[in-house]
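A.B. asks: What follows is a single structure, and I will ask about it in a moment.
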Amino acid sequence: MSLKKIKKNKKFREVNDVGPLIKFGAVIALCVLLIPVFIVVLTGLNAGDHLTFPPEGLSTRWIIAFFKSEVFLSAFLFSFGLALITMVISTILGTMAAIFITRFDLPGMVFLRALFLSPLILPGIVLGLALYVFYITSGSGLARTFPGMVIGHVLVTLPYVIGTVSAALFNFDVNLEQAARSLGASPLQAFRKVTLPNISNGVMAGSIFAFIVSSGQFDVSLFMATPGNTPLPIALYWSLRYTFEPTAAAAGIFAILLVITSMLIAAKLVNLKKFSGVKFS
Amino acid sequence: MELSGKIKRIYIYYRPIFLVLPAFIIFLIFFVIPVAGLFVLAFDKPVAGVIDIQAQWTFKSFVRIYSRSLYFDAVVTSVSLAAIVSFIALIIGYPLAYLIAKTEHVGRNTFLMILVLSAMQLDMVIRLFGLMVLFGDNGIINGALLYYNIIEKPIGLMYNRLGVVVGLVQFSLPFMILSLVGIIRGIPPAVVEASRSLGATPAKAFWNIILPLSMPGILAGTLLVFALSISSYIVPALMGGWKVMMMPLHIYQQIAEMGKWQFGSALAVVLFCTSLIIVLVYQRVAIRFAGGRA
């Protein structure tokens with residue numbers, strides 16, 4: 001029997017087959033996950049002043065309104081820039097830290113790893129408040145400033161970079177780097193020419209995660225935002241407290257596109273299976 | 001000569017530390033010290049508008065949280081809603097996690113993972129916008145029910161506990177699914193095959209074999225969802241319309257609107273410790289329950 005025939009064989013399929021009940025449940029879960037996103041897209045593209053039932057038809061008026069909107073467009077661009085800066089800092093610092101954590105076995109390494117992952121466990125609102133209080137009491141002048149916000153975002157994105165890069169480093173054969181060293185390469189040369197190309201997918205995926213986490217970050221930004229320094233999530237929150245502006249939904253459409261594109265790139269770079277079972281928040 | 005050689009050797013040996021130093025220093029200054037500072041501030045004498053350390057240590061703030069029903073109720077509400085959300089997220093998330101784990105087709109598997117990861121990473125405020133348009137009094141659901149004359153006036157789906165639970169489930173579901181997928185995938189098919197060949201029905205095989213073997217994932221998922229739900233600010237703020245007071249709302253209100261720094265910090269400490277204690281206790285109980293497998 002050919003492999004295809006075996007796979008078509010009912011007995012073979014039985015074990016891995018999922019029942020109709022599981023399929024039905026999976027559809028419900030997908031609905032819970034995706035319907036709110038569809039609603040945002042529909043609201044941003046609808047022709048009426050609100051998204052009502054039944055809908056009034058499609059138009060691009062809210063997309064145009066978004067590009068003319070002082071509040072949302074500047075918030076979107078601010079978030080984009082903030083996420084880029086955060087990404088660069090987190091990727092550099094996180095990659096360096098990940099190399100140290102995976103390569104060297106010193107006492108206290110468990111503690112160090114736990115420290116770097118702890119922003120995932122600490123409630124965001126607690127971290128935001130702690131930073132805000134610290135900025136004010138230390139007299140550093142960082143409270144409600146752009147650098148202060150970048151620091152907060154670096155703290156919450158570093159665990160993702162360290163996690164992703166560490167995973168890539170675990171799969172990398174250290175002997176390759178040592179071979180380069182024994183052939184006369186300096187530590188930096190060996191890293192740049194041998195190690196980095198091998199872990200570059202992990203590094204890039206980590207930086208993509210840092211970018212997305214930063215652009216969706218809410219709790220820490222809440223304490224740092226000022227009218228001039230407003231990331232998109234905060235601007236949306238402020239407007240959502242009073243009305244459901246379709247312009248906000250139009251801004252949401254671009255954020256959705258950004259996330260989906262990033263995820264598609266990340267899926268090309270690393271095996272997404274690895275993310276199951278890992279605590280990410 | 002001898003000494004400088006030794007110093008050089010020590011330097012070369014410890015040089016890799018410079019790799020981790022920048023990240024470590026940032027964490028020390030902007031994470032460890034601020035969080036420790038918050039704990040210190042929580043035990044200082046509460047004076048409105050004063051943020052500096054007065055070094056008059058007291059438990060006053062904590063006594064107030066315990067004795068004022070406003071704050072104590074917020075603790076109870078937060079814990080119970082987070083527990084309900086964990087349970088619902090498990091029921092809804094398990095089937096999809098199972099489907100992803102059993103999908104061997106690479107493209108389909110990646111597609112499902114991208115859907116879950118995108119839903120997880122998308123800014124929560126945007127997802128809440130969608131939920132609010134759906135659940136509001138003038139929203140889609142009420143609009144559709146009114147349109148077909150099923151109801152006469154809008155039913156309150158939002159700005160109450162129901163709305164908060166729906167929002168939190170939507171928020172935390174991807175985390176539940178990701179915690180489950182890896183564990184379910186790790187269950188050897190041979191075990192299930194064996195039980196089936198010995199005459200177990202598919203339902204029996206699921207209940208007696210697959211479910212117990214999924215326990216570590218169920219444990220990790222419910223813990224993660226609980227911790228995320230109890231500390232969410234944005235969901236109760238928007239879906240609860242400040243009518244369902246969970247602890248993060250009180251924390252922000254005390255700080256941003258009333259300038260009660262010490263009391264706000266005390267609430268933050270209580271939130272963090274409550275979540276930590278419940279996670280630890282639950283882990284203990286669940287490990288015993290799962291027969292040490294988790």
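We name chains A, B, ... following the order of the structure tokens; residues begin at 1 in each chain, and ligands are numbered from 1 as shown.
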Using only C-alpha atoms and a cut-off of 6 Å, which residues of chain A sit close to chain B? Please list them as a ChimeraX atom specification.

C.D. replies: /A:22,25-26,29,36-37,39-40,52-53,93,96-97,123,126,130-131,134,216,233,252,260,276-277

A.B. asks: Tell me which protein, DNA and RNA residues are within 10 Å of Lys268 of chain A, counting only C-alpha atoms, leaving out same-chain ones fewer than 4 positions away, and put them as a PyMOL selection string.

C.D. replies: (chain A and resi 201+205+262-264+272) or (chain B and resi 110)

A.B. asks: Suppose we keep C-alpha atoms; can you now write the selection as a PDB file, in the first residue's frame?

C.D. replies:
ATOM      1  CA  ASN A 201      16.086  34.473  12.105  1.00  0.00           C
ATOM      2  CA  ALA A 205      11.600  37.375  15.000  1.00  0.00           C
ATOM      3  CA  SER A 262       4.526  41.235  11.100  1.00  0.00           C
ATOM      4  CA  MET A 263       3.117  37.835  12.028  1.00  0.00           C
ATOM      5  CA  LEU A 264       3.435  36.582   8.446  1.00  0.00           C
ATOM      6  CA  LEU A 272       5.665  29.286  15.240  1.00  0.00           C
TER       7      LEU A 272
ATOM      8  CA  THR B 110       0.787  27.860  10.449  1.00  0.00           C
TER       9      THR B 110
END

A.B. asks: Would you list, as a compact mmCIF listing (two decimals) with N, CA and C atoms, in the first residue's frame, the residues of segment 44-258 of chain A that end up in alpha helix (DSSP H) under DSSP run on this structure's backbone?

C.D. replies:
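What landed in out-v5.txt:
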# COMPACT_ATOMS: atom_id res chain seq x y z
N GLY A 44 -14.68 50.71 10.24
CA GLY A 44 -13.80 51.65 9.55
C GLY A 44 -14.16 51.82 8.08
N LEU A 45 -14.85 50.83 7.52
CA LEU A 45 -15.17 50.88 6.09
C LEU A 45 -16.64 51.17 5.84
N ARG A 61 -14.73 56.82 3.39
CA ARG A 61 -14.75 58.16 3.99
C ARG A 61 -14.01 58.19 5.32
N TRP A 62 -14.08 57.09 6.10
CA TRP A 62 -13.42 57.12 7.42
C TRP A 62 -11.92 56.92 7.30
N ILE A 63 -11.52 56.18 6.25
CA ILE A 63 -10.08 56.03 5.99
C ILE A 63 -9.50 57.41 5.65
N ILE A 64 -10.23 58.15 4.80
CA ILE A 64 -9.79 59.51 4.43
C ILE A 64 -9.80 60.39 5.68
N ALA A 65 -10.86 60.25 6.48
CA ALA A 65 -10.95 61.05 7.71
C ALA A 65 -9.77 60.76 8.64
N PHE A 66 -9.33 59.48 8.64
CA PHE A 66 -8.18 59.12 9.49
C PHE A 66 -6.93 59.86 9.04
N PHE A 67 -6.70 59.91 7.70
CA PHE A 67 -5.50 60.58 7.22
C PHE A 67 -5.56 62.09 7.45
N LYS A 68 -6.77 62.63 7.63
CA LYS A 68 -6.87 64.06 7.90
C LYS A 68 -6.94 64.33 9.40
N GLU A 70 -6.07 64.92 13.03
CA GLU A 70 -4.92 65.37 13.80
C GLU A 70 -4.58 64.34 14.88
N VAL A 71 -5.60 63.90 15.61
CA VAL A 71 -5.41 63.05 16.79
C VAL A 71 -4.88 61.67 16.42
N PHE A 72 -5.62 60.97 15.56
CA PHE A 72 -5.31 59.56 15.34
C PHE A 72 -4.09 59.35 14.46
N LEU A 73 -3.95 60.18 13.43
CA LEU A 73 -2.79 60.00 12.55
C LEU A 73 -1.50 60.26 13.32
N SER A 74 -1.48 61.34 14.12
CA SER A 74 -0.25 61.62 14.86
C SER A 74 0.00 60.55 15.92
N ALA A 75 -1.09 60.04 16.53
CA ALA A 75 -0.91 58.97 17.51
C ALA A 75 -0.35 57.71 16.85
N PHE A 76 -0.86 57.42 15.64
CA PHE A 76 -0.39 56.24 14.91
C PHE A 76 1.09 56.37 14.59
N LEU A 77 1.47 57.55 14.09
CA LEU A 77 2.87 57.76 13.73
C LEU A 77 3.75 57.77 14.98
N PHE A 78 3.24 58.35 16.08
CA PHE A 78 3.99 58.35 17.33
C PHE A 78 4.24 56.91 17.79
N SER A 79 3.18 56.08 17.75
CA SER A 79 3.32 54.67 18.16
C SER A 79 4.35 53.95 17.29
N PHE A 80 4.30 54.24 15.99
CA PHE A 80 5.20 53.60 15.06
C PHE A 80 6.65 53.94 15.40
N GLY A 81 6.92 55.23 15.62
CA GLY A 81 8.28 55.66 15.96
C GLY A 81 8.74 55.09 17.29
N LEU A 82 7.83 55.15 18.27
CA LEU A 82 8.15 54.60 19.60
C LEU A 82 8.49 53.12 19.50
N ALA A 83 7.69 52.38 18.72
CA ALA A 83 7.92 50.95 18.58
C ALA A 83 9.26 50.68 17.88
N LEU A 84 9.61 51.51 16.89
CA LEU A 84 10.88 51.32 16.18
C LEU A 84 12.06 51.53 17.13
N ILE A 85 12.02 52.63 17.88
CA ILE A 85 13.12 52.91 18.82
C ILE A 85 13.22 51.81 19.87
N THR A 86 12.06 51.43 20.42
CA THR A 86 12.03 50.35 21.42
C THR A 86 12.62 49.07 20.84
N MET A 87 12.23 48.77 19.60
CA MET A 87 12.68 47.55 18.95
C MET A 87 14.20 47.52 18.84
N VAL A 88 14.78 48.64 18.38
CA VAL A 88 16.24 48.67 18.19
C VAL A 88 16.95 48.46 19.53
N ILE A 89 16.53 49.21 20.55
CA ILE A 89 17.20 49.10 21.86
C ILE A 89 17.03 47.69 22.43
N SER A 90 15.78 47.19 22.40
CA SER A 90 15.51 45.86 22.98
C SER A 90 16.25 44.76 22.25
N THR A 91 16.32 44.87 20.92
CA THR A 91 16.98 43.81 20.16
C THR A 91 18.47 43.75 20.50
N ILE A 92 19.12 44.93 20.56
CA ILE A 92 20.56 44.94 20.87
C ILE A 92 20.81 44.43 22.29
N LEU A 93 20.12 45.04 23.26
CA LEU A 93 20.36 44.64 24.65
C LEU A 93 19.94 43.19 24.90
N GLY A 94 18.79 42.81 24.31
CA GLY A 94 18.27 41.47 24.54
C GLY A 94 19.15 40.39 23.94
N THR A 95 19.67 40.64 22.72
CA THR A 95 20.54 39.66 22.08
C THR A 95 21.82 39.47 22.89
N MET A 96 22.40 40.59 23.33
CA MET A 96 23.61 40.49 24.16
C MET A 96 23.35 39.69 25.42
N ALA A 97 22.24 40.01 26.09
CA ALA A 97 21.91 39.31 27.34
C ALA A 97 21.65 37.84 27.07
N ALA A 98 20.97 37.53 25.95
CA ALA A 98 20.64 36.13 25.65
C ALA A 98 21.91 35.33 25.42
N ILE A 99 22.91 35.93 24.74
CA ILE A 99 24.17 35.22 24.52
C ILE A 99 24.81 34.88 25.86
N PHE A 100 24.83 35.85 26.74
CA PHE A 100 25.44 35.62 28.06
C PHE A 100 24.69 34.52 28.81
N ILE A 101 23.36 34.61 28.79
CA ILE A 101 22.56 33.66 29.58
C ILE A 101 22.72 32.24 29.06
N THR A 102 22.77 32.08 27.72
CA THR A 102 22.84 30.71 27.20
C THR A 102 24.25 30.14 27.20
N ARG A 103 25.29 31.02 27.15
CA ARG A 103 26.65 30.52 27.01
C ARG A 103 27.35 30.25 28.32
N MET A 109 22.58 32.30 37.76
CA MET A 109 22.05 32.47 36.41
C MET A 109 20.53 32.27 36.40
N VAL A 110 20.05 31.35 37.22
CA VAL A 110 18.60 31.11 37.31
C VAL A 110 17.90 32.39 37.74
N PHE A 111 18.52 33.05 38.71
CA PHE A 111 17.97 34.30 39.22
C PHE A 111 17.94 35.36 38.12
N LEU A 112 19.02 35.43 37.37
CA LEU A 112 19.12 36.43 36.30
C LEU A 112 18.05 36.20 35.24
N ARG A 113 17.87 34.93 34.84
CA ARG A 113 16.87 34.60 33.84
C ARG A 113 15.47 34.98 34.35
N ALA A 114 15.21 34.65 35.62
CA ALA A 114 13.91 34.97 36.20
C ALA A 114 13.69 36.48 36.23
N LEU A 115 14.76 37.23 36.53
CA LEU A 115 14.65 38.69 36.58
C LEU A 115 14.24 39.23 35.22
N PHE A 116 14.89 38.73 34.16
CA PHE A 116 14.61 39.26 32.82
C PHE A 116 13.21 38.87 32.33
N LEU A 117 12.66 37.78 32.86
CA LEU A 117 11.32 37.38 32.41
C LEU A 117 10.21 37.98 33.28
N GLY A 124 0.95 44.87 34.43
CA GLY A 124 1.42 46.06 33.72
C GLY A 124 1.11 47.34 34.47
N ILE A 125 -0.05 47.37 35.11
CA ILE A 125 -0.46 48.58 35.81
C ILE A 125 0.45 48.84 37.02
N VAL A 126 0.93 47.74 37.65
CA VAL A 126 1.85 47.88 38.78
C VAL A 126 3.20 48.39 38.30
N LEU A 127 3.68 47.84 37.18
CA LEU A 127 4.95 48.31 36.63
C LEU A 127 4.87 49.78 36.21
N GLY A 128 3.76 50.14 35.56
CA GLY A 128 3.58 51.52 35.13
C GLY A 128 3.59 52.47 36.31
N LEU A 129 2.85 52.11 37.35
CA LEU A 129 2.79 52.95 38.55
C LEU A 129 4.16 53.04 39.22
N ALA A 130 4.84 51.88 39.34
CA ALA A 130 6.16 51.86 39.99
C ALA A 130 7.13 52.78 39.25
N LEU A 131 7.13 52.71 37.91
CA LEU A 131 8.03 53.55 37.13
C LEU A 131 7.69 55.03 37.30
N TYR A 132 6.39 55.31 37.26
CA TYR A 132 5.92 56.70 37.37
C TYR A 132 6.34 57.29 38.71
N VAL A 133 6.10 56.53 39.78
CA VAL A 133 6.50 57.00 41.12
C VAL A 133 8.01 57.20 41.18
N PHE A 134 8.75 56.24 40.59
CA PHE A 134 10.20 56.33 40.61
C PHE A 134 10.70 57.56 39.86
N TYR A 135 10.12 57.81 38.69
CA TYR A 135 10.53 58.97 37.89
C TYR A 135 10.32 60.26 38.67
N ILE A 136 9.21 60.35 39.40
CA ILE A 136 8.92 61.59 40.13
C ILE A 136 9.82 61.72 41.35
N THR A 137 9.88 60.66 42.19
CA THR A 137 10.61 60.77 43.45
C THR A 137 12.12 60.87 43.24
N PHE A 146 9.30 61.44 26.72
CA PHE A 146 9.47 60.40 25.72
C PHE A 146 10.52 59.36 26.16
N PRO A 147 11.71 59.81 26.65
CA PRO A 147 12.68 58.79 27.10
C PRO A 147 12.11 57.91 28.21
N GLY A 148 11.34 58.51 29.11
CA GLY A 148 10.73 57.72 30.17
C GLY A 148 9.83 56.64 29.62
N MET A 149 9.09 56.98 28.57
CA MET A 149 8.19 56.00 27.98
C MET A 149 8.98 54.90 27.27
N VAL A 150 10.06 55.29 26.57
CA VAL A 150 10.89 54.30 25.88
C VAL A 150 11.43 53.28 26.88
N ILE A 151 11.91 53.77 28.04
CA ILE A 151 12.45 52.85 29.04
C ILE A 151 11.38 51.84 29.47
N GLY A 152 10.17 52.32 29.71
CA GLY A 152 9.08 51.42 30.09
C GLY A 152 8.82 50.37 29.02
N HIS A 153 8.83 50.80 27.77
CA HIS A 153 8.57 49.86 26.67
C HIS A 153 9.71 48.86 26.51
N VAL A 154 10.95 49.32 26.72
CA VAL A 154 12.09 48.40 26.63
C VAL A 154 11.94 47.31 27.70
N LEU A 155 11.52 47.69 28.91
CA LEU A 155 11.36 46.71 29.98
C LEU A 155 10.34 45.63 29.59
N VAL A 156 9.21 46.03 29.01
CA VAL A 156 8.19 45.02 28.70
C VAL A 156 8.49 44.24 27.43
N THR A 157 9.37 44.76 26.55
CA THR A 157 9.66 44.01 25.32
C THR A 157 10.91 43.13 25.43
N LEU A 158 11.83 43.47 26.35
CA LEU A 158 13.07 42.69 26.48
C LEU A 158 12.82 41.19 26.69
N PRO A 159 11.85 40.80 27.55
CA PRO A 159 11.64 39.36 27.74
C PRO A 159 11.37 38.62 26.43
N TYR A 160 10.65 39.24 25.50
CA TYR A 160 10.34 38.58 24.23
C TYR A 160 11.60 38.37 23.41
N VAL A 161 12.44 39.41 23.35
CA VAL A 161 13.69 39.28 22.58
C VAL A 161 14.57 38.22 23.22
N ILE A 162 14.75 38.30 24.54
CA ILE A 162 15.62 37.35 25.22
C ILE A 162 15.10 35.93 25.02
N GLY A 163 13.78 35.74 25.13
CA GLY A 163 13.19 34.41 24.96
C GLY A 163 13.43 33.86 23.56
N THR A 164 13.15 34.69 22.54
CA THR A 164 13.27 34.21 21.15
C THR A 164 14.73 33.96 20.78
N VAL A 165 15.61 34.90 21.14
CA VAL A 165 17.03 34.74 20.78
C VAL A 165 17.64 33.56 21.54
N SER A 166 17.27 33.39 22.82
CA SER A 166 17.80 32.25 23.58
C SER A 166 17.43 30.95 22.90
N ALA A 167 16.16 30.86 22.43
CA ALA A 167 15.72 29.63 21.76
C ALA A 167 16.58 29.36 20.53
N ALA A 168 16.88 30.43 19.77
CA ALA A 168 17.72 30.26 18.58
C ALA A 168 19.13 29.83 18.96
N LEU A 169 19.65 30.38 20.07
CA LEU A 169 21.01 30.06 20.49
C LEU A 169 21.12 28.62 20.99
N PHE A 170 20.05 28.13 21.61
CA PHE A 170 20.07 26.75 22.09
C PHE A 170 20.22 25.78 20.93
N VAL A 174 27.63 25.41 19.22
CA VAL A 174 28.70 26.30 19.65
C VAL A 174 30.03 25.91 19.01
N ASN A 175 30.17 24.62 18.66
CA ASN A 175 31.44 24.16 18.06
C ASN A 175 31.79 24.94 16.81
N LEU A 176 30.75 25.37 16.07
CA LEU A 176 31.00 26.13 14.85
C LEU A 176 31.75 27.42 15.17
N GLU A 177 31.29 28.09 16.23
CA GLU A 177 31.96 29.34 16.59
C GLU A 177 33.37 29.05 17.07
N GLN A 178 33.52 27.95 17.85
CA GLN A 178 34.85 27.62 18.35
C GLN A 178 35.80 27.25 17.22
N ALA A 179 35.25 26.62 16.17
CA ALA A 179 36.07 26.31 15.00
C ALA A 179 36.60 27.58 14.37
N ALA A 180 35.72 28.58 14.25
CA ALA A 180 36.14 29.86 13.68
C ALA A 180 37.23 30.49 14.54
N ARG A 181 37.05 30.39 15.87
CA ARG A 181 38.03 30.96 16.79
C ARG A 181 39.38 30.26 16.64
N SER A 182 39.32 28.93 16.51
CA SER A 182 40.57 28.18 16.43
C SER A 182 41.29 28.45 15.12
N PRO A 187 36.96 37.07 18.75
CA PRO A 187 35.62 36.74 19.26
C PRO A 187 34.52 37.50 18.50
N LEU A 188 34.79 38.79 18.20
CA LEU A 188 33.78 39.60 17.53
C LEU A 188 33.56 39.11 16.09
N GLN A 189 34.70 38.79 15.41
CA GLN A 189 34.62 38.28 14.04
C GLN A 189 33.84 36.97 14.00
N ALA A 190 34.18 36.08 14.93
CA ALA A 190 33.52 34.78 14.97
C ALA A 190 32.03 34.96 15.18
N LEU A 196 26.06 35.02 14.28
CA LEU A 196 24.95 35.91 13.93
C LEU A 196 24.15 35.43 12.72
N PRO A 197 24.83 35.01 11.62
CA PRO A 197 24.03 34.52 10.48
C PRO A 197 23.17 33.32 10.85
N ASN A 198 23.65 32.52 11.80
CA ASN A 198 22.90 31.33 12.18
C ASN A 198 21.71 31.62 13.07
N ILE A 199 21.81 32.68 13.87
CA ILE A 199 20.70 32.98 14.77
C ILE A 199 19.89 34.17 14.27
N SER A 200 20.21 34.65 13.04
CA SER A 200 19.58 35.91 12.60
C SER A 200 18.06 35.80 12.53
N ASN A 201 17.54 34.61 12.15
CA ASN A 201 16.09 34.47 12.11
C ASN A 201 15.47 34.70 13.48
N GLY A 202 16.09 34.11 14.50
CA GLY A 202 15.59 34.28 15.86
C GLY A 202 15.66 35.74 16.29
N VAL A 203 16.76 36.40 15.94
CA VAL A 203 16.92 37.80 16.32
C VAL A 203 15.86 38.66 15.65
N MET A 204 15.64 38.39 14.35
CA MET A 204 14.64 39.19 13.62
C MET A 204 13.24 38.95 14.17
N ALA A 205 12.92 37.68 14.44
CA ALA A 205 11.60 37.37 15.00
C ALA A 205 11.43 38.06 16.36
N GLY A 206 12.50 38.03 17.16
CA GLY A 206 12.43 38.69 18.47
C GLY A 206 12.18 40.18 18.31
N SER A 207 12.83 40.79 17.31
CA SER A 207 12.64 42.24 17.15
C SER A 207 11.24 42.54 16.64
N ILE A 208 10.68 41.64 15.82
CA ILE A 208 9.30 41.84 15.36
C ILE A 208 8.35 41.79 16.55
N PHE A 209 8.58 40.81 17.43
CA PHE A 209 7.73 40.72 18.61
C PHE A 209 7.86 41.98 19.47
N ALA A 210 9.09 42.45 19.62
CA ALA A 210 9.30 43.67 20.41
C ALA A 210 8.51 44.82 19.79
N PHE A 211 8.53 44.91 18.46
CA PHE A 211 7.82 45.98 17.76
C PHE A 211 6.32 45.90 18.03
N ILE A 212 5.76 44.70 17.87
CA ILE A 212 4.31 44.56 18.02
C ILE A 212 3.88 44.80 19.46
N VAL A 213 4.65 44.21 20.41
CA VAL A 213 4.29 44.37 21.82
C VAL A 213 4.33 45.84 22.19
N SER A 214 5.35 46.54 21.70
CA SER A 214 5.45 47.96 22.01
C SER A 214 4.28 48.74 21.41
N SER A 215 3.92 48.42 20.15
CA SER A 215 2.86 49.22 19.54
C SER A 215 1.49 48.91 20.13
N GLY A 216 1.34 47.77 20.82
CA GLY A 216 0.06 47.48 21.47
C GLY A 216 0.07 47.74 22.96
N ASP A 219 -0.75 49.52 29.45
CA ASP A 219 -0.69 49.82 30.89
C ASP A 219 0.44 50.77 31.26
N VAL A 220 1.65 50.51 30.73
CA VAL A 220 2.78 51.36 31.09
C VAL A 220 2.61 52.75 30.46
N SER A 221 2.14 52.77 29.20
CA SER A 221 1.95 54.05 28.51
C SER A 221 0.94 54.93 29.23
N LEU A 222 -0.05 54.28 29.87
CA LEU A 222 -1.13 55.03 30.53
C LEU A 222 -0.58 56.07 31.50
N PHE A 223 0.49 55.70 32.22
CA PHE A 223 1.06 56.61 33.21
C PHE A 223 2.04 57.60 32.60
N MET A 224 2.48 57.36 31.36
CA MET A 224 3.54 58.17 30.76
C MET A 224 3.00 59.15 29.73
N LEU A 232 -0.96 55.26 20.03
CA LEU A 232 -2.28 54.96 19.48
C LEU A 232 -3.24 54.30 20.49
N PRO A 233 -2.79 53.27 21.25
CA PRO A 233 -3.74 52.64 22.17
C PRO A 233 -4.34 53.64 23.16
N ILE A 234 -3.52 54.59 23.63
CA ILE A 234 -4.02 55.56 24.59
C ILE A 234 -5.00 56.53 23.92
N ALA A 235 -4.67 56.97 22.69
CA ALA A 235 -5.57 57.87 21.96
C ALA A 235 -6.91 57.19 21.71
N LEU A 236 -6.86 55.91 21.35
CA LEU A 236 -8.10 55.16 21.11
C LEU A 236 -8.90 55.05 22.40
N TYR A 237 -8.19 54.81 23.50
CA TYR A 237 -8.87 54.67 24.79
C TYR A 237 -9.57 55.96 25.17
N TRP A 238 -8.87 57.08 25.02
CA TRP A 238 -9.47 58.36 25.37
C TRP A 238 -10.71 58.64 24.53
N SER A 239 -10.66 58.28 23.24
CA SER A 239 -11.83 58.56 22.40
C SER A 239 -12.96 57.56 22.68
N LEU A 240 -12.60 56.31 23.00
CA LEU A 240 -13.61 55.27 23.24
C LEU A 240 -14.41 55.52 24.51
N PRO A 246 -15.84 56.19 13.99
CA PRO A 246 -15.34 55.30 12.93
C PRO A 246 -13.91 55.67 12.50
N THR A 247 -13.50 56.93 12.73
CA THR A 247 -12.13 57.31 12.41
C THR A 247 -11.15 56.47 13.23
N ALA A 248 -11.51 56.22 14.50
CA ALA A 248 -10.67 55.38 15.37
C ALA A 248 -10.58 53.97 14.79
N ALA A 249 -11.72 53.48 14.27
CA ALA A 249 -11.71 52.14 13.67
C ALA A 249 -10.82 52.11 12.43
N ALA A 250 -10.85 53.21 11.66
CA ALA A 250 -9.98 53.29 10.48
C ALA A 250 -8.52 53.21 10.90
N ALA A 251 -8.17 53.90 12.01
CA ALA A 251 -6.82 53.79 12.55
C ALA A 251 -6.54 52.35 12.94
N GLY A 252 -7.58 51.70 13.52
CA GLY A 252 -7.44 50.30 13.92
C GLY A 252 -7.13 49.39 12.75
N ILE A 253 -7.73 49.68 11.59
CA ILE A 253 -7.49 48.84 10.40
C ILE A 253 -6.00 48.81 10.07
N PHE A 254 -5.35 49.98 10.16
CA PHE A 254 -3.93 50.02 9.83
C PHE A 254 -3.11 49.27 10.88
N ALA A 255 -3.52 49.36 12.14
CA ALA A 255 -2.82 48.61 13.18
C ALA A 255 -2.99 47.11 12.95
N ILE A 256 -4.20 46.70 12.52
CA ILE A 256 -4.45 45.28 12.25
C ILE A 256 -3.55 44.80 11.11
N LEU A 257 -3.49 45.60 10.04
CA LEU A 257 -2.64 45.23 8.90
C LEU A 257 -1.19 45.08 9.33
N LEU A 258 -0.74 46.00 10.19
CA LEU A 258 0.64 45.98 10.67
C LEU A 258 0.93 44.68 11.43

A.B. asks: What is the distance, in Å and to one decimal place, between atom CA of Ala286 of chain B and atom CA of Ser214 of chain B?

C.D. replies: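 Distance between the two atoms: 12.7 Å.
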
A.B. asks: Suppose you want the space between atom CA of Leu223 of chain B and atom CA of Ile209 of chain B; what is it in Å?

C.D. replies: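 Result for atom CA of Leu223 of chain B versus atom CA of Ile209 of chain B: 22.4 Å, one decimal.
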
A.B. asks: What's the separation between atom CA of Val259 of chain A and atom CA of Gly163 of chain B, in Å to one decimal place?

C.D. replies: 25.6 Å

A.B. asks: Select, from A:Leu42, A:Thr195, A:Ala47, A:Gly19, the residue with the minimum atom-to-atom distance to Asn171 of chain A, counting only C-alpha atoms.

C.D. replies: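 Looking only at the distances to Asn171 of chain A, the closest residue turns out to be A:Thr195.
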